[in-house]
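Visitor: Have a look at this one.
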Amino acid sequence: MSTPPTGAVTELHDLMVPMRDGIHLATDVYLPSGTDQLNAPAVPVIMERTPYGKSAVSRAEVSAASPEPMTRRQVARFFASHGYAVVMQDCRGRYASEGQFIKYINEAEDGVDTLGWIRQQPWCDGRVATMGLSYGAHTQLALACLAPQGLACMLMDSGGFSSAYHGGIRRGGAFELKQATWAYKHALKSPATAADSSRKHALQARDIVDWFQHMPWRPGHSPLQAAPEYENYLFEQWRNGLFSDYWKQIGLYAEGHYDRIPDIPITIIGSWYDPYVLTCITNFTELSRRHRSATRLLMGPWTHGNRSRTWAGEVDFGPHSILDGQFAPDYLHFRLDWFNQCLKPGLPLAETGGPEPKQNEPPQELAAPGGPKSSVSWFEMGGGSGRRDANDRLQHGGQWCHSTQWPPPQTRQHELYLHADGRLAQQPPASRDGALHYCHDPAHPVPTLGGALTSGEPVMEGGPFDQRVRADTFQYQPDDPTGPLSQRADVLVFTTEPLAQDLVLCGELQAELWISSDCPDTDFTVKLIDVYPPSDDYPEGFSMNICDGIFRVRYRQGWQQEVFLQPDEICRIVVVPFATANRFCAGHRLRVDVSSSNYPHFDINTNTGEAEGSARHSRIATNTLHCNARHPSRLILPLLPSRPEPHGGNHD
């Protein structure tokens, strides 16, 4: 990526923009050359609001050709050099902005007030576009839910809560502990910490990894106790277990406000190993259904914001898997093309180039600016050689696919039944008595091995991994055994026979389970795995996690009420892992693991039924999965008709 020389852009730093409550937010403005002159023509504006530093380095501002991260200042200069005014702002309570940071809650009103200020400036032509990754996407959708005048188009990358309760903060009733690691890391970077050396020292003295081995936490006894404003909002999220009005606030819940969002062009970027899969797909389906303007969705095989990297975890998806060279030369030009289409129609698109030739590009009618109002491009993982590459990663491969809707209309539902002998088969169980029992001990939870998560370092890491515990895997009890998760007594494993032909999964699967427990509350987890057969490179095979889900049983009769189990009461629950797209190749096996924990991705259910985030006791639960003719536990899979892998999907 190249950036224009400083002299080509006029820069105004640390303007303090007033909010409705008197708080001022630090704002940088970048103007195209000549825009600041008297009687100069006004131009459209691009706005990004961030808690990560309005001029700081952004780890996601990279390209395949230039992997060194850029600063937001460099990014702003790039867009300003192409004729846009650019506004970069620190969110409330972050970096140079005034006020107290409460995660997600103030972004709607602050965004509206900032947009109103922008439209009053002589260099603004009245149209404001927004962009941003992760929290920068959350700020955009929160703003849009208040239907502000002047919002012209949006580019939301890996965020923008459709419902934070159902994905992003909580999931299946459980609490995502990435919120805790994020809070700790960013409390260290808060203005209050910068101004208070004793607070900084107290936070730095905390060993966050060690704290994760000593649950439960409580207010005043957590790694955040020296930063009470961060500790307060964390426990507020953790303890609000019911889907109450707390979760329906703007900033956390766009689903209740979709009808207010302006009918403007919107591009949404997401990835299969990201905590915002549900958010991205729900936003796309709901907004494309309501709007006449273009709504576009791009889903890659990446982890959070790593769209220019061919690998994630222990798996490589091949040179065609990145954004670069497939949809634009790089991420900068991808955004520039989008803003030009929306705000300066008629300008030519950037030449699509990059380190590799384009593969399986969108049909012309989908790629054209005047194409259909909605379109989706997704990466179908799988079809690679399965060999170990020079970087010690499995070559899983894949290909880009395209449609005007999600899931694609060719998708059909298929069922696979869980059998008590460990089979996963199309035929339902014939026996009336099959059941499997295991103990869920909160002191020895099943460790997290990848998945759809971010911001968990140094405790956990997202992405696809061989499902094998290693010496460096975080475990709640460090002396718990290493080795395949399938060998744990508290993990039930169900596997198909080797596939006779490719099986293409595309969409959101469901696991309908019949369960019982001797405790009033417990969790059930489901993980879908692509099992590679043994090979010279992987003598024991490779068990690659595709997607996973969790369900807290107290919410089985609805998210707005708690209903505790009676001893050995048999009930039906539905665990819904995030949507995905994967080709299970002939010779592979499809496997599903069922257990009751996935820690530290999710908080540990103590099985006692105590209040969320406040448990002080724990019990070992004897949990039962019923797999019989009366209670047929099953997977419901969205499958596409199998088709040959196109040339270029495999790679060596």
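Ordering of the structure tokens sets the chain letters (A, B, ...); residue numbers start at 1 within each chain; ligands are numbered from 1 in the order shown.
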Hey, could you make a per-residue contact list for segment 228-342 of chain A against segment 56-60 of chain A with 10 Å as the cut-off, showing the nearest pair of atoms and its distance in Å to one decimal, counting only C-alpha atoms, sorted by chain and number, as a tab-separated table?
Guide:
```
residue	atom	partner	partner_atom	distance
A:His304	CA	A:Ala60	CA	8.7
A:Gly305	CA	A:Ala60	CA	5.6
A:Asn306	CA	A:Ala60	CA	6.4
A:Arg307	CA	A:Ala60	CA	8.2
A:Ser308	CA	A:Ala60	CA	8.7
A:Tyr331	CA	A:Ala60	CA	9.4
```
Visitor: Name the residues in contact with Pro228 of chain A at a cut-off of 12 Å, using only C-alpha atoms, excluding same-chain residues fewer than 4 positions from it; report them as a VMD selection string.
Guide: chain A and resid 100 to 102 183 to 184 187 190 192 to 193 199 203 218 to 224 232 to 236
Visitor: Which residues are near segment 584-599 of chain A? Cut-off 7 Å, only C-alpha atoms, ignore same chain within fewer than 4 positions. Put them as a VMD selection string.
Guide: chain A and resid 382 to 383 440 445 to 448 490 to 504 523 to 533 603 to 604
Visitor: Those residues you just picked out, can you put them in a file as a CSV table (one decimal), in the first residue's frame with C-alpha atoms?
Guide:
```csv
chain,number,residue,atom,x,y,z
A,382,GLY,CA,-12.1,-27.4,1.6
A,383,GLY,CA,-10.8,-29.3,-1.4
A,440,HIS,CA,-19.2,-32.4,33.6
A,445,PRO,CA,-13.6,-28.0,31.7
A,446,VAL,CA,-13.0,-29.0,28.1
A,447,PRO,CA,-10.3,-26.6,26.8
A,448,THR,CA,-10.9,-24.2,23.9
A,490,ASP,CA,-16.5,-35.9,29.1
A,491,VAL,CA,-16.5,-35.6,25.3
A,492,LEU,CA,-19.0,-37.7,23.3
A,493,VAL,CA,-17.8,-38.4,19.8
A,494,PHE,CA,-20.0,-39.3,16.8
A,495,THR,CA,-18.5,-40.0,13.4
A,496,THR,CA,-19.7,-40.9,9.9
A,497,GLU,CA,-18.2,-43.6,7.8
A,498,PRO,CA,-15.6,-42.3,5.3
A,499,LEU,CA,-17.5,-40.3,2.8
A,500,ALA,CA,-18.1,-41.9,-0.6
A,501,GLN,CA,-18.3,-38.5,-2.3
A,502,ASP,CA,-17.8,-34.9,-1.4
A,503,LEU,CA,-20.4,-33.3,1.0
A,504,VAL,CA,-20.8,-29.5,0.8
A,523,ASP,CA,-24.5,-26.5,29.4
A,524,PHE,CA,-24.3,-28.6,26.2
A,525,THR,CA,-21.8,-27.9,23.5
A,526,VAL,CA,-21.6,-29.1,19.9
A,527,LYS,CA,-18.6,-28.9,17.7
A,528,LEU,CA,-18.5,-29.9,14.0
A,529,ILE,CA,-15.2,-31.4,12.8
A,530,ASP,CA,-13.8,-32.3,9.4
A,531,VAL,CA,-11.7,-35.4,10.0
A,532,TYR,CA,-8.8,-36.0,7.6
A,533,PRO,CA,-7.7,-39.6,7.2
A,603,ASP,CA,-17.8,-19.1,31.1
A,604,ILE,CA,-18.1,-22.4,33.0
```
Visitor: For a quick check of understanding, using only C-alpha atoms, which of A:Glu461, A:Glu612, A:Asp210, A:Asp480 has the smallest distance to Arg552 of chain A?
Guide: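 Comparing A:Glu461, A:Glu612, A:Asp210, A:Asp480 against Arg552 of chain A, the winner is A:Glu612.
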Visitor: Can you pull out the residues contacting Glu512 of chain A? Cut-off 7 Å, using only C-alpha atoms, and skip same-chain residues under 4 positions away; I want them as a PyMOL selection string.
Guide: chain A and resi 572-575+633-635
Visitor: Interatomic distance between atom CA of Ser244 of chain A and atom CA of Gln560 of chain A?
Guide: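 Interatomic distance, atom CA of Ser244 of chain A to atom CA of Gln560 of chain A: 6.5 Å.
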Visitor: Considering only C-alpha atoms, can you say which of A:Gly541, A:Gly173, A:Gly256, A:Pro301 comes closest to Gln557 of chain A?
Guide: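 Looking only at the distances to Gln557 of chain A, the closest residue turns out to be A:Gly173.
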Visitor: Between atom CA of His601 of chain A and atom CA of Gly397 of chain A, what is the distance in Å, rounded to a tenth?
Guide: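 Going from atom CA of His601 of chain A over to atom CA of Gly397 of chain A covers 26.4 Å.
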Visitor: Need the shell around Thr279 of chain A: protein/DNA/RNA residues with any atom at most 7 Å away, counting only C-alpha atoms. Skip same-chain ones fewer than 5 positions apart. Format as a PyMOL selection string?
Guide: chain A and resi 159-163+167
Visitor: Hey, what does DSSP flag as strand (DSSP E) within segment 472-510 of chain A? Can you give it to me as a list in words?
Guide: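 Matching residues for strand (DSSP E) in segment 472-510 of chain A are Gly483, Pro484, Leu492, Val493, Phe494, Thr495, Leu503, Val504, Leu505, Cys506, Gly507 and Gln510 of chain A.
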Visitor: Generate the output file for the selected residues, C-alpha atoms, as a JSON list (two decimals), in the first residue's frame.
Guide:
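Final output, saved to part.json:
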```
[["chain", "number", "residue", "atom", "x", "y", "z"],
["A", 483, "GLY", "CA", -3.79, -35.40, 23.58],
["A", 484, "PRO", "CA", -6.90, -35.62, 21.36],
["A", 492, "LEU", "CA", -19.02, -37.70, 23.32],
["A", 493, "VAL", "CA", -17.83, -38.36, 19.77],
["A", 494, "PHE", "CA", -20.04, -39.26, 16.80],
["A", 495, "THR", "CA", -18.50, -39.97, 13.39],
["A", 503, "LEU", "CA", -20.36, -33.32, 1.02],
["A", 504, "VAL", "CA", -20.78, -29.53, 0.76],
["A", 505, "LEU", "CA", -22.15, -27.79, 3.84],
["A", 506, "CYS", "CA", -23.38, -24.22, 3.30],
["A", 507, "GLY", "CA", -25.43, -22.36, 5.89],
["A", 510, "GLN", "CA", -28.67, -27.18, 14.03]]
```
Visitor: Among segment 242-312 of chain A, which ones does DSSP assign to helix (DSSP H, G or I) (computed from the backbone)? Answer as number ranges by chain.
Guide: A: 245-248, 255-260, 277-290
Visitor: When you count only C-alpha atoms, which of these residues is closest to Ser321 of chain A: A:Cys401, A:Met47, A:Ala147, A:Leu252?
Guide: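 Of all the options, A:Cys401 lies closest to Ser321 of chain A.
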Visitor: Which value, in Å to one decimal, gives the distance between atom CA of Leu625 of chain A and atom CA of Leu513 of chain A?
Guide: 7.1 Å
Visitor: Determine, counting only C-alpha atoms, which protein, DNA and RNA residues have an atom within 9 Å of an atom of segment 404-418 of chain A; residues of the same chain fewer than 5 positions away are not included. Present the result as a ChimeraX atom specification.
Guide: /A:281,284-285,288,296,366,372-377,423-429,494-496,505-509,592,626-628,632-641
Visitor: Could you name the residues that touch segment 13-30 of chain A at 6 Å or less, counting only C-alpha atoms, but leaving out those on the same chain fewer than 4 positions away, as number ranges by chain?
Guide: A: 85-90, 96-98, 113
Visitor: Can you write out the residues you just picked, keeping N, CA, C and O atoms, as a PDB file, in the first residue's frame?
Guide:
```
ATOM      1  N   ALA A  85     -13.163  14.185   2.139  1.00  0.00           N
ATOM      2  CA  ALA A  85     -12.808  14.645   3.480  1.00  0.00           C
ATOM      3  C   ALA A  85     -12.944  13.449   4.409  1.00  0.00           C
ATOM      4  O   ALA A  85     -13.865  12.639   4.268  1.00  0.00           O
ATOM      5  N   VAL A  86     -12.019  13.296   5.338  1.00  0.00           N
ATOM      6  CA  VAL A  86     -12.009  12.136   6.226  1.00  0.00           C
ATOM      7  C   VAL A  86     -12.016  12.628   7.666  1.00  0.00           C
ATOM      8  O   VAL A  86     -11.248  13.525   8.034  1.00  0.00           O
ATOM      9  N   VAL A  87     -12.888  12.021   8.475  1.00  0.00           N
ATOM     10  CA  VAL A  87     -12.996  12.354   9.891  1.00  0.00           C
ATOM     11  C   VAL A  87     -12.682  11.100  10.700  1.00  0.00           C
ATOM     12  O   VAL A  87     -13.332  10.064  10.540  1.00  0.00           O
ATOM     13  N   MET A  88     -11.668  11.193  11.555  1.00  0.00           N
ATOM     14  CA  MET A  88     -11.306  10.113  12.470  1.00  0.00           C
ATOM     15  C   MET A  88     -11.531  10.623  13.892  1.00  0.00           C
ATOM     16  O   MET A  88     -11.046  11.696  14.257  1.00  0.00           O
ATOM     17  N   GLN A  89     -12.251   9.824  14.703  1.00  0.00           N
ATOM     18  CA  GLN A  89     -12.614  10.289  16.037  1.00  0.00           C
ATOM     19  C   GLN A  89     -12.376   9.212  17.091  1.00  0.00           C
ATOM     20  O   GLN A  89     -12.660   8.031  16.867  1.00  0.00           O
ATOM     21  N   ASP A  90     -11.842   9.640  18.240  1.00  0.00           N
ATOM     22  CA  ASP A  90     -11.734   8.754  19.404  1.00  0.00           C
ATOM     23  C   ASP A  90     -13.090   8.651  20.088  1.00  0.00           C
ATOM     24  O   ASP A  90     -13.728   9.670  20.378  1.00  0.00           O
ATOM     25  N   ALA A  96      -7.814  10.659  23.440  1.00  0.00           N
ATOM     26  CA  ALA A  96      -7.885  12.093  23.733  1.00  0.00           C
ATOM     27  C   ALA A  96      -9.304  12.601  23.979  1.00  0.00           C
ATOM     28  O   ALA A  96      -9.492  13.793  24.226  1.00  0.00           O
ATOM     29  N   SER A  97     -10.304  11.746  23.930  1.00  0.00           N
ATOM     30  CA  SER A  97     -11.687  12.187  24.113  1.00  0.00           C
ATOM     31  C   SER A  97     -12.067  12.237  25.591  1.00  0.00           C
ATOM     32  O   SER A  97     -11.569  11.464  26.411  1.00  0.00           O
ATOM     33  N   GLU A  98     -12.981  13.149  25.903  1.00  0.00           N
ATOM     34  CA  GLU A  98     -13.480  13.283  27.265  1.00  0.00           C
ATOM     35  C   GLU A  98     -14.532  12.207  27.558  1.00  0.00           C
ATOM     36  O   GLU A  98     -14.965  11.480  26.672  1.00  0.00           O
ATOM     37  N   ASP A 113     -24.404  12.974  16.847  1.00  0.00           N
ATOM     38  CA  ASP A 113     -23.935  14.334  17.121  1.00  0.00           C
ATOM     39  C   ASP A 113     -22.717  14.673  16.267  1.00  0.00           C
ATOM     40  O   ASP A 113     -22.575  15.811  15.778  1.00  0.00           O
TER      41      ASP A 113
END
```
Visitor: Nearest to Trp272 of chain A among A:Glu61, A:Glu569, A:Glu380, A:Asp479, with distances taken over only C-alpha atoms: which residue is it?
Guide: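 Among A:Glu61, A:Glu569, A:Glu380, A:Asp479, it is A:Glu380 that comes nearest to Trp272 of chain A.
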Visitor: Give the answer as one residue: which of A:Gly549, A:Pro216, A:Gly609, A:His617 has the shortest atom-to-atom distance to Phe564 of chain A, using only C-alpha atoms?
Guide: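 So, comparing all the options, the nearest one is A:Gly609.
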Visitor: Of the candidates A:Ala489, A:Ala174, A:Gly434, A:Leu297, which shows the shortest atom-to-atom distance to Asp521 of chain A, using only C-alpha atoms?
Guide: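 When distances to Asp521 of chain A are compared using only C-alpha atoms, the smallest one comes from A:Ala174.
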